[in-house]
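Structure data (TSV, C-alpha atoms) from input-v4.tsv:
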```
chain	number	residue	atom	x	y	z
E	296	MET	CA	-35.19	46.95	36.83
E	297	LEU	CA	-37.45	49.99	36.92
E	298	PRO	CA	-37.79	51.38	33.36
E	299	PRO	CA	-36.67	55.02	33.21
E	300	PRO	CA	-39.12	57.75	32.20
E	301	PRO	CA	-38.83	59.32	28.75
E	302	SER	CA	-36.30	62.13	28.46
E	303	PRO	CA	-37.27	64.70	27.41
E	304	PRO	CA	-40.76	64.28	28.87
E	305	ARG	CA	-43.50	63.13	26.50
E	306	CYS	CA	-46.66	65.21	25.98
E	307	GLY	CA	-50.08	64.01	24.89
E	308	ALA	CA	-53.71	65.00	24.67
E	309	ASP	CA	-54.57	62.12	27.01
E	310	PRO	CA	-52.62	60.13	29.63
E	311	ALA	CA	-52.14	57.09	27.40
E	312	ALA	CA	-50.56	59.24	24.68
E	313	ALA	CA	-48.21	60.82	27.24
E	314	LEU	CA	-47.19	57.38	28.53
E	315	GLY	CA	-46.62	56.17	24.97
E	316	GLY	CA	-44.92	52.78	24.98
E	317	TRP	CA	-43.68	53.01	28.56
E	318	ARG	CA	-44.44	49.82	30.50
E	319	CYS	CA	-43.37	48.41	33.86
E	320	ALA	CA	-43.93	44.94	35.32
E	321	LEU	CA	-43.06	46.02	38.87
E	322	PRO	CA	-45.88	46.72	41.38
E	323	LEU	CA	-45.47	50.47	41.64
E	324	PRO	CA	-47.83	52.46	43.87
E	325	VAL	CA	-49.46	55.55	42.37
E	326	ALA	CA	-49.86	58.83	44.27
E	327	VAL	CA	-52.92	60.90	43.34
E	328	PRO	CA	-54.21	64.23	44.75
E	329	ASP	CA	-57.28	64.66	46.93
E	330	PRO	CA	-60.36	66.56	45.66
E	331	THR	CA	-58.95	69.95	46.69
E	332	ARG	CA	-57.13	69.69	43.35
E	333	PRO	CA	-59.49	69.98	40.33
E	334	LEU	CA	-58.32	66.83	38.56
E	335	ASP	CA	-60.27	63.78	37.45
E	336	CYS	CA	-57.67	61.11	38.21
E	337	ARG	CA	-59.53	58.24	36.55
E	338	PRO	CA	-58.19	58.70	32.98
E	339	ALA	CA	-54.64	58.70	34.37
E	340	LEU	CA	-55.33	55.63	36.50
E	341	ARG	CA	-56.81	53.73	33.56
E	342	ALA	CA	-53.76	54.51	31.45
E	343	LEU	CA	-51.40	53.52	34.25
E	344	ALA	CA	-53.30	50.29	34.90
E	345	ALA	CA	-52.64	49.34	31.27
E	346	ALA	CA	-48.95	50.23	31.58
E	347	LEU	CA	-48.56	48.54	34.98
E	348	PRO	CA	-49.97	44.99	34.87
E	349	ALA	CA	-49.25	44.65	38.59
E	350	MET	CA	-50.06	48.22	39.63
E	351	GLY	CA	-49.60	48.81	43.34
E	352	PRO	CA	-52.02	50.66	45.62
E	353	VAL	CA	-53.52	53.99	44.59
E	354	LEU	CA	-52.62	56.36	47.42
E	355	VAL	CA	-54.61	59.56	47.92
E	356	GLY	CA	-52.21	62.27	49.07
E	357	LEU	CA	-54.14	63.91	51.88
E	358	GLY	CA	-51.09	65.45	53.51
E	359	LEU	CA	-52.64	66.93	56.65
E	360	HIS	CA	-56.06	67.50	55.02
E	361	ARG	CA	-59.21	65.82	56.34
E	362	ARG	CA	-60.27	62.31	55.34
E	363	LEU	CA	-62.41	61.78	52.26
E	364	ARG	CA	-66.18	61.75	52.43
E	365	PRO	CA	-67.93	58.78	50.74
E	366	ASP	CA	-68.95	60.96	47.79
E	367	GLU	CA	-65.33	62.02	47.36
E	368	ARG	CA	-64.05	58.43	47.41
E	369	ALA	CA	-66.54	57.73	44.61
E	370	LEU	CA	-64.63	60.21	42.41
E	371	TYR	CA	-61.88	57.58	42.04
E	372	ALA	CA	-64.18	54.64	41.23
E	373	PRO	CA	-63.77	51.94	40.05
E	374	PHE	CA	-60.28	52.15	41.56
E	375	ASP	CA	-59.99	51.25	45.22
E	376	VAL	CA	-57.95	53.99	46.88
E	377	VAL	CA	-55.98	54.12	50.12
E	378	GLU	CA	-56.20	57.38	52.08
E	379	HIS	CA	-52.88	58.60	53.42
E	380	ASP	CA	-52.37	58.75	57.18
E	381	PRO	CA	-49.55	61.15	58.13
E	382	ASP	CA	-49.24	59.46	61.52
E	383	ALA	CA	-48.58	56.00	60.07
E	384	CYS	CA	-45.47	56.55	57.96
E	385	ALA	CA	-42.07	54.94	57.50
E	386	PRO	CA	-38.83	56.84	58.20
E	387	LEU	CA	-36.37	57.73	55.45
E	388	GLY	CA	-33.88	59.50	57.72
E	389	GLY	CA	-32.88	63.13	57.35
E	390	VAL	CA	-33.30	64.79	53.94
E	391	ALA	CA	-32.57	68.45	53.17
E	392	GLY	CA	-32.36	69.18	56.89
E	393	LEU	CA	-35.83	67.75	57.43
E	394	PRO	CA	-37.13	64.62	59.16
E	395	ALA	CA	-38.22	62.47	56.20
E	396	TRP	CA	-41.23	60.19	56.61
E	397	VAL	CA	-43.39	58.74	53.84
E	398	HIS	CA	-46.30	56.34	53.34
E	399	PRO	CA	-45.12	52.80	54.15
E	400	ALA	CA	-46.28	51.45	50.77
E	401	VAL	CA	-43.94	53.94	49.10
E	402	ALA	CA	-41.04	53.14	51.40
E	403	ALA	CA	-41.40	49.44	50.60
E	404	ALA	CA	-41.77	49.81	46.82
E	405	PRO	CA	-39.08	50.01	44.12
E	406	GLY	CA	-40.51	53.39	43.08
E	407	VAL	CA	-43.70	55.45	42.95
E	408	ILE	CA	-45.51	57.34	40.19
E	409	ALA	CA	-46.84	60.81	41.00
E	410	VAL	CA	-50.06	61.92	39.29
E	411	GLY	CA	-50.99	65.57	39.63
E	412	ILE	CA	-52.23	68.84	38.24
E	413	VAL	CA	-49.87	71.73	37.59
E	414	GLU	CA	-51.18	74.89	39.24
E	415	LEU	CA	-49.57	77.90	40.83
E	416	HIS	CA	-48.45	77.19	44.39
E	417	GLN	CA	-47.63	79.67	47.16
E	418	TYR	CA	-44.43	77.97	48.33
E	419	ALA	CA	-43.40	75.31	45.80
E	420	GLY	CA	-43.84	77.67	42.84
E	421	LEU	CA	-46.03	75.13	41.11
E	422	SER	CA	-47.90	72.09	42.31
E	423	GLY	CA	-47.08	68.71	40.80
E	424	GLY	CA	-43.98	66.59	40.50
E	425	HIS	CA	-42.35	65.44	43.73
E	426	LYS	CA	-44.90	67.34	45.84
E	427	ALA	CA	-47.45	64.52	45.40
E	428	VAL	CA	-45.19	62.25	47.45
E	429	ALA	CA	-43.13	64.61	49.63
E	430	VAL	CA	-46.19	66.44	50.99
E	431	GLY	CA	-49.23	64.46	49.88
E	432	LEU	CA	-47.79	61.21	51.28
E	433	GLY	CA	-45.43	62.78	53.82
E	434	GLY	CA	-45.36	62.22	57.56
E	435	ARG	CA	-46.73	64.78	59.99
E	436	ALA	CA	-43.24	65.70	61.23
E	437	THR	CA	-42.01	66.15	57.64
E	438	ILE	CA	-44.91	68.38	56.63
E	439	ALA	CA	-44.71	70.43	59.82
E	440	ALA	CA	-40.97	71.07	59.44
E	441	LEU	CA	-41.32	71.85	55.75
E	442	HIS	CA	-44.06	74.43	56.44
E	443	ALA	CA	-42.43	76.11	59.43
E	444	ARG	CA	-42.74	79.89	59.41
E	445	ASP	CA	-39.07	80.58	58.71
E	446	ARG	CA	-39.13	78.18	55.74
E	447	VAL	CA	-42.24	79.54	54.00
E	448	LEU	CA	-41.00	83.13	54.47
E	449	GLN	CA	-37.41	82.61	53.34
E	450	PRO	CA	-36.12	84.43	50.22
E	451	GLY	CA	-36.81	82.66	46.97
E	452	VAL	CA	-40.02	80.99	48.17
E	453	GLU	CA	-42.36	82.54	45.64
E	454	LEU	CA	-45.43	81.79	43.60
E	455	GLY	CA	-44.56	80.47	40.13
E	456	ARG	CA	-40.84	80.13	40.89
E	457	LEU	CA	-39.02	76.82	40.54
E	458	GLU	CA	-35.36	77.76	40.15
E	459	GLY	CA	-33.69	79.20	43.23
E	460	ASN	CA	-36.69	78.28	45.39
E	461	PRO	CA	-35.49	76.53	48.58
E	462	PHE	CA	-38.96	75.15	49.34
E	463	ARG	CA	-39.14	73.50	45.92
E	464	ALA	CA	-35.58	72.20	46.33
E	465	ALA	CA	-36.54	70.56	49.64
E	466	ILE	CA	-39.64	68.98	48.09
E	467	ASP	CA	-37.61	67.60	45.19
E	468	ALA	CA	-35.03	66.15	47.58
E	469	LEU	CA	-37.75	64.51	49.70
E	470	GLY	CA	-39.53	63.06	46.67
E	471	ALA	CA	-36.32	61.70	45.20
E	472	ALA	CA	-35.39	60.09	48.54
E	473	ALA	CA	-38.80	58.39	48.57
E	474	GLY	CA	-38.17	56.89	45.12
E	475	CYS	CA	-40.44	59.14	43.06
E	476	GLY	CA	-38.86	58.82	39.63
E	477	HIS	CA	-41.90	59.23	37.37
E	478	ALA	CA	-44.62	61.90	37.14
E	479	LEU	CA	-47.76	62.06	35.02
E	480	LEU	CA	-48.95	65.67	35.08
E	481	TRP	CA	-52.00	67.49	33.76
E	482	VAL	CA	-51.46	71.08	32.58
E	483	PRO	CA	-54.92	72.73	32.44
E	484	ALA	CA	-56.16	74.46	29.32
E	485	ALA	CA	-55.68	78.22	29.19
E	486	PRO	CA	-58.03	80.72	27.52
E	487	ALA	CA	-56.89	83.12	24.85
E	488	GLY	CA	-55.41	86.41	25.98
E	489	PRO	CA	-54.07	89.59	24.39
E	490	GLY	CA	-51.72	88.44	21.66
E	491	ARG	CA	-51.99	84.83	22.81
E	492	ALA	CA	-54.02	81.94	21.43
E	493	ALA	CA	-55.97	79.57	23.63
E	494	ARG	CA	-54.04	76.49	24.71
E	495	PRO	CA	-55.62	73.05	25.17
E	496	GLY	CA	-54.96	70.97	28.25
E	497	THR	CA	-51.94	68.68	28.01
E	498	TRP	CA	-50.64	65.58	29.82
E	499	ILE	CA	-46.89	65.26	30.43
E	500	PHE	CA	-44.99	62.13	31.47
E	501	GLY	CA	-41.37	62.10	32.56
E	502	ALA	CA	-39.00	62.44	35.47
E	503	PRO	CA	-40.65	64.73	38.08
E	504	VAL	CA	-38.25	67.68	37.79
E	505	GLU	CA	-38.08	67.53	33.99
E	506	ALA	CA	-41.84	67.05	33.63
E	507	LEU	CA	-42.58	70.03	35.88
E	508	ALA	CA	-40.13	72.22	33.94
E	509	ALA	CA	-41.90	71.26	30.71
E	510	ALA	CA	-45.25	72.05	32.33
E	511	ARG	CA	-43.98	75.45	33.48
E	512	ALA	CA	-43.05	76.30	29.89
E	513	LEU	CA	-46.61	75.49	28.77
E	514	LEU	CA	-48.45	77.07	31.68
E	515	ASP	CA	-47.40	80.67	31.00
E	516	PRO	CA	-49.07	81.88	34.24
E	517	TRP	CA	-48.80	85.66	33.88
E	518	GLU	CA	-51.24	88.00	32.10
E	519	HIS	CA	-49.64	91.45	31.85
E	520	THR	CA	-51.42	94.77	32.27
E	521	ASP	CA	-50.51	98.44	32.69
E	522	GLN	CA	-53.46	99.30	34.95
E	523	LEU	CA	-53.55	99.37	38.75
E	524	TYR	CA	-56.70	98.55	40.72
E	525	ASP	CA	-58.18	99.29	44.13
E	526	GLU	CA	-60.24	96.10	44.15
E	527	ALA	CA	-59.94	92.59	42.76
E	528	LEU	CA	-62.64	89.92	42.55
E	529	LEU	CA	-61.19	86.43	42.60
E	530	HIS	CA	-63.21	83.53	41.21
E	531	VAL	CA	-62.66	80.32	43.17
E	532	PRO	CA	-63.41	76.91	41.61
E	533	PRO	CA	-65.62	74.51	43.62
E	534	SER	CA	-62.61	72.39	44.57
E	535	LYS	CA	-61.16	75.37	46.45
E	536	GLY	CA	-64.40	77.03	47.60
E	537	GLN	CA	-65.34	74.63	50.40
E	538	SER	CA	-63.34	76.27	53.18
E	539	LEU	CA	-61.45	79.44	53.97
E	540	TYR	CA	-58.22	77.44	54.23
E	541	GLN	CA	-58.45	76.53	50.55
E	542	ALA	CA	-60.28	79.58	49.15
E	543	SER	CA	-57.94	82.11	50.77
E	544	ARG	CA	-55.18	80.89	48.47
E	545	ALA	CA	-56.75	82.88	45.63
E	546	ALA	CA	-56.16	86.17	47.47
E	547	THR	CA	-52.62	85.38	48.62
E	548	TYR	CA	-51.66	84.04	45.20
E	549	LEU	CA	-52.55	87.38	43.61
E	550	GLY	CA	-51.52	89.69	46.45
E	551	LEU	CA	-48.15	88.00	47.03
E	552	SER	CA	-47.35	87.31	43.38
E	553	PRO	CA	-44.23	88.98	41.93
E	554	ALA	CA	-46.00	92.08	40.52
E	555	PRO	CA	-49.72	92.31	41.37
E	556	PRO	CA	-51.57	95.15	39.59
E	557	LEU	CA	-52.94	96.50	42.87
E	558	ARG	CA	-52.61	99.76	44.74
E	559	PRO	CA	-51.55	99.62	48.41
E	560	GLY	CA	-54.54	98.79	50.59
E	561	ALA	CA	-56.54	97.29	47.72
E	562	ALA	CA	-59.45	95.02	48.61
E	563	LEU	CA	-59.09	91.39	47.54
E	564	THR	CA	-62.56	89.87	47.39
E	565	ILE	CA	-63.19	86.13	47.33
E	566	GLU	CA	-66.71	84.98	46.45
E	567	ALA	CA	-67.31	81.50	47.88
E	568	ALA	CA	-69.95	79.82	50.05
E	569	LEU	CA	-67.34	78.16	52.32
E	570	PRO	CA	-69.71	75.42	53.54
E	571	GLU	CA	-66.88	73.94	55.66
E	572	GLY	CA	-66.20	77.29	57.33
E	573	LEU	CA	-62.57	77.82	58.28
E	574	GLY	CA	-61.65	74.26	57.30
E	575	ALA	CA	-60.51	71.11	59.08
E	576	GLU	CA	-56.83	72.13	59.47
E	577	ALA	CA	-56.48	72.49	63.25
E	578	GLY	CA	-53.36	74.68	63.19
E	579	PHE	CA	-54.94	77.15	60.79
E	580	VAL	CA	-58.12	77.38	62.84
E	581	ALA	CA	-56.21	77.81	66.12
E	582	ALA	CA	-54.01	80.55	64.64
E	583	LEU	CA	-57.01	82.55	63.37
E	584	ARG	CA	-58.78	82.21	66.70
E	585	ALA	CA	-55.70	83.39	68.55
E	586	ALA	CA	-55.17	86.35	66.19
E	587	ARG	CA	-58.84	87.47	65.91
E	588	GLY	CA	-57.97	89.90	63.16
E	589	SER	CA	-54.72	91.15	64.73
E	590	TRP	CA	-52.55	89.62	62.03
E	591	GLU	CA	-49.12	91.00	62.87
E	592	GLY	CA	-48.59	88.71	65.86
E	593	LEU	CA	-48.64	85.69	63.53
E	594	LEU	CA	-45.52	87.09	61.86
E	595	THR	CA	-43.62	88.49	64.83
E	596	GLY	CA	-44.92	86.65	67.88
E	597	PRO	CA	-44.70	82.98	68.86
E	598	GLU	CA	-44.79	80.77	65.79
E	599	PRO	CA	-48.22	79.20	65.19
E	600	THR	CA	-48.02	75.44	64.79
E	601	GLY	CA	-50.23	72.57	63.75
E	602	ALA	CA	-51.81	71.49	60.50
E	603	GLY	CA	-52.26	74.43	58.15
E	604	ALA	CA	-50.80	77.08	60.47
E	605	GLN	CA	-48.61	78.35	57.63
E	606	ARG	CA	-51.74	79.50	55.74
E	607	ALA	CA	-52.55	81.86	58.61
E	608	VAL	CA	-48.98	83.19	58.46
E	609	ILE	CA	-49.38	83.91	54.75
E	610	LEU	CA	-52.70	85.67	55.36
E	611	ALA	CA	-50.92	87.83	57.94
E	612	LEU	CA	-48.30	88.70	55.32
E	613	LEU	CA	-51.08	89.63	52.89
E	614	ALA	CA	-52.73	91.85	55.53
E	615	ARG	CA	-49.64	94.09	55.60
E	616	ARG	CA	-50.47	95.24	52.07
E	617	PHE	CA	-54.10	94.49	51.26
E	618	HIS	CA	-57.56	93.92	52.73
E	619	LEU	CA	-59.21	90.49	52.46
E	620	ARG	CA	-62.98	90.36	51.93
E	621	LEU	CA	-65.20	87.29	51.81
E	622	ARG	CA	-68.54	87.49	49.99
E	623	GLY	CA	-71.34	85.05	49.26
E	624	VAL	CA	-70.52	83.14	52.47
E	625	ALA	CA	-73.24	80.72	53.56
E	626	ASP	CA	-72.68	81.46	57.27
E	627	PRO	CA	-70.53	84.57	57.76
E	628	ALA	CA	-71.10	84.91	61.54
E	629	PRO	CA	-68.29	82.56	62.70
E	630	LEU	CA	-65.86	84.32	60.35
E	631	ARG	CA	-66.88	87.77	61.56
E	632	ALA	CA	-66.37	86.62	65.14
E	633	LEU	CA	-62.70	86.16	64.26
E	634	GLY	CA	-62.36	89.67	62.84
E	635	LEU	CA	-62.76	88.64	59.19
E	636	ASP	CA	-64.65	90.82	56.71
E	637	ALA	CA	-67.35	88.32	55.66
E	638	GLU	CA	-70.85	88.81	54.25
E	639	ALA	CA	-73.57	86.65	52.75
E	640	ALA	CA	-74.14	89.19	49.96
E	641	LEU	CA	-72.41	88.57	46.67
E	642	ALA	CA	-69.48	90.71	45.56
E	643	ARG	CA	-70.00	93.80	43.44
E	644	ARG	CA	-68.82	93.80	39.87
E	645	GLY	CA	-67.83	96.76	37.76
E	646	SER	CA	-65.42	98.07	35.17
E	647	ASP	CA	-63.16	99.37	37.93
E	648	VAL	CA	-62.85	95.93	39.55
E	649	LEU	CA	-60.13	93.54	38.43
E	650	GLU	CA	-61.80	90.17	37.84
E	651	VAL	CA	-59.44	87.21	38.10
E	652	LYS	CA	-61.14	84.13	36.67
E	653	THR	CA	-58.30	81.61	36.98
E	654	PRO	CA	-56.25	82.57	40.07
E	655	PHE	CA	-54.62	79.13	40.27
E	656	VAL	CA	-53.57	78.97	36.62
E	657	ARG	CA	-53.07	82.51	35.33
E	658	LEU	CA	-52.72	85.80	37.20
E	659	PRO	CA	-52.54	89.44	36.06
E	660	GLN	CA	-49.20	91.17	36.63
E	661	VAL	CA	-48.00	94.73	36.15
E	662	ARG	CA	-45.98	95.02	32.98
E	663	GLY	CA	-42.40	96.05	33.47
```

The structure given in the file should be rewritten as structure tokens.
Amino acid sequence: MLPPPPSPPRCGADPAAALGGWRCALPLPVAVPDPTRPLDCRPALRALAAALPAMGPVLVGLGLHRRLRPDERALYAPFDVVEHDPDACAPLGGVAGLPAWVHPAVAAAPGVIAVGIVELHQYAGLSGGHKAVAVGLGGRATIAALHARDRVLQPGVELGRLEGNPFRAAIDALGAAAGCGHALLWVPAAPAGPGRAARPGTWIFGAPVEALAAARALLDPWEHTDQLYDEALLHVPPSKGQSLYQASRAATYLGLSPAPPLRPGAALTIEAALPEGLGAEAGFVAALRAARGSWEGLLTGPEPTGAGAQRAVILALLARRFHLRLRGVADPAPLRALGLDAEAALARRGSDVLEVKTPFVRLPQVRG
């Protein structure tokens, strides 16, 4: 029998401490994120290998992202990882009104352990928990249906929100149907703020929904202010700065957060080299090429489809309120050709510019 996770979830300074005395003799697969998430998975995998004498395959949750480069596969060494293929999945039937497909190793196993980092997420509220399996190891049809325009724009789908969020509810239902009963989550450290001490990073192990709720209590993602700004400079970590698809999240996270401290029409500046240009997500690229800076059609015209198309929809929603600027871009010409405000020069800094150093962990919000 599969041993249950601790309840309430157990916290620790390292993965082994979070696991505590939990052990399982069954060959459970382990779902880990790809390098677009800033998490060194090796400490978690070492701890799980000790707790799982017959640990199953380590599955990298690519979702619809590109395959790993050799240097990225090396980030998981010495563990041999299996890259997810969304077109080679096993059916689970219908779940939450969605076609449910998952990696065949998960479908055949008695359960699966999700490893992840807890960050803010545009649709799911927070990353982590069931998302590692439902999306990271989901089938193409599942991911496409889950990210359809009407789903990502429905009420309650909001950054930082777990309760009353229909997108999160669908993810949790999909993960549970796939047998994801255990989650080992990393909550990043947070710097000190006004009236708040710095918090060290923490590992949490428990049932996915309970573990994510515990992580949400630790994360404390809002930094409150009374000031409004006409410009924000968003710092993007290297894991998110490779392509516009990933880096643009920083702007939409702030601009579409519950109470951004921005005046209407404010400029949201992302400083990133974007060596991969728009990114490898074909639906996102096709939507931007079709729009060429005329964003509104992505919201009111024919629904864009394909991998990553929902990110273009969210950028169109952002464009109704704010102006996106890209600075420090290695090759801005292809971005400009699509109507994007992109320059090789670095962004300006000043006392009148809101600098957001951790847009995926903590965001400024208007007090009230």

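Of the residues listed (E:Pro304, E:Gly420, E:Gly470, E:Gly358), E:Gly358 shows the shortest atom-to-atom separation from E:Ala602; distances use all atoms listed in the file.
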
Can you tell me which residues surround stretch 335-342 of chain E at a distance of at most 9 Å, considering all atoms listed in the file, apart from same-chain residues fewer than 5 positions away, and format the answer as an mmCIF file with C-alpha atoms, in the coordinates of the input?
```
data_model
loop_
_atom_site.group_PDB
_atom_site.id
_atom_site.type_symbol
_atom_site.label_atom_id
_atom_site.label_comp_id
_atom_site.auth_asym_id
_atom_site.auth_seq_id
_atom_site.Cartn_x
_atom_site.Cartn_y
_atom_site.Cartn_z
ATOM 1 C CA ASP E 309 -54.570 62.120 27.010
ATOM 2 C CA PRO E 310 -52.620 60.130 29.630
ATOM 3 C CA ALA E 311 -52.140 57.090 27.400
ATOM 4 C CA ALA E 312 -50.560 59.240 24.680
ATOM 5 C CA LEU E 314 -47.190 57.380 28.530
ATOM 6 C CA VAL E 325 -49.460 55.550 42.370
ATOM 7 C CA VAL E 327 -52.920 60.900 43.340
ATOM 8 C CA PRO E 328 -54.210 64.230 44.750
ATOM 9 C CA PRO E 330 -60.360 66.560 45.660
ATOM 10 C CA LEU E 347 -48.560 48.540 34.980
ATOM 11 C CA VAL E 353 -53.520 53.990 44.590
ATOM 12 C CA LEU E 370 -64.630 60.210 42.410
ATOM 13 C CA TYR E 371 -61.880 57.580 42.040
ATOM 14 C CA ALA E 372 -64.180 54.640 41.230
ATOM 15 C CA PRO E 373 -63.770 51.940 40.050
ATOM 16 C CA PHE E 374 -60.280 52.150 41.560
ATOM 17 C CA VAL E 410 -50.060 61.920 39.290
ATOM 18 C CA GLY E 411 -50.990 65.570 39.630
ATOM 19 C CA LEU E 479 -47.760 62.060 35.020
#
```

Margin query: To one decimal place in Å, what is the distance between atom CA of E:Gly578 and atom CA of E:Arg606?
Written below: 9.0 Å

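All residues that come within 10 Å of the coordinates (-32.3, 62.0, 52.8), counting all atoms listed in the file, are given as Pro386, Leu387, Gly388, Gly389, Val390, Ala391, Gly392, Leu393, Pro394, Ala395, Trp396, Ala468, Leu469, Gly470, Ala471, Ala472 and Ala473 of chain E.
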
Notebook entry, point to check: Within 9 Å of (-50.6, 70.8, 44.6), all atoms listed in the file: residues as a PyMOL selection string?
Noted result: chain E and resi 328+331-332+411-416+419+421-424+426-427+430-431

Next item on the list: Within 9 Å of E:His442, counting all atoms listed in the file, which residues show up once you throw out same-chain ones fewer than 2 positions away? Write them as an MDAnalysis selection string, please.
Entry: chainID E and resid 418 437:440 444:447 462 603:605

Next item on the list: With a distance cut-off of 12 Å and all atoms listed in the file, select the neighbouring residues of E:Gly596, excluding the residue or stretch itself and same-chain residues fewer than 5 positions from it, and output the selection as a VMD selection string.
Entry: chain E and resid 444 582 585 to 586 589 to 591 608 611

Just need the box for stretch 584-598 of chain E, edges along x, y and z, holding every atom the file lists for it with 6 Å tacked onto each side, so centre and edge lengths in Å to one decimal, as AutoDock Vina command-line options.
```
--center_x -51.2 --center_y 86.0 --center_z 65.4 --size_x 27.2 --size_y 22.4 --size_z 19.0
```

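Atom CA of E:Leu573 is found 23.0 Å from atom CA of E:Ala561.
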
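A straight line drawn from atom CA of E:Ala562 to atom CA of E:Gly592 is 21.3 Å long.
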
Margin query: With distances taken over only C-alpha atoms, which residue among E:Leu557, E:Leu457, E:Ile565, E:Ala383 lies nearest E:Arg435?
Written below: E:Ala383

Checklist line | Residue with smallest distance to E:His530 - pool E:Ala545, E:Ala625, E:Val580, E:Ala443, counting all atoms listed in the file | finding: E:Ala545
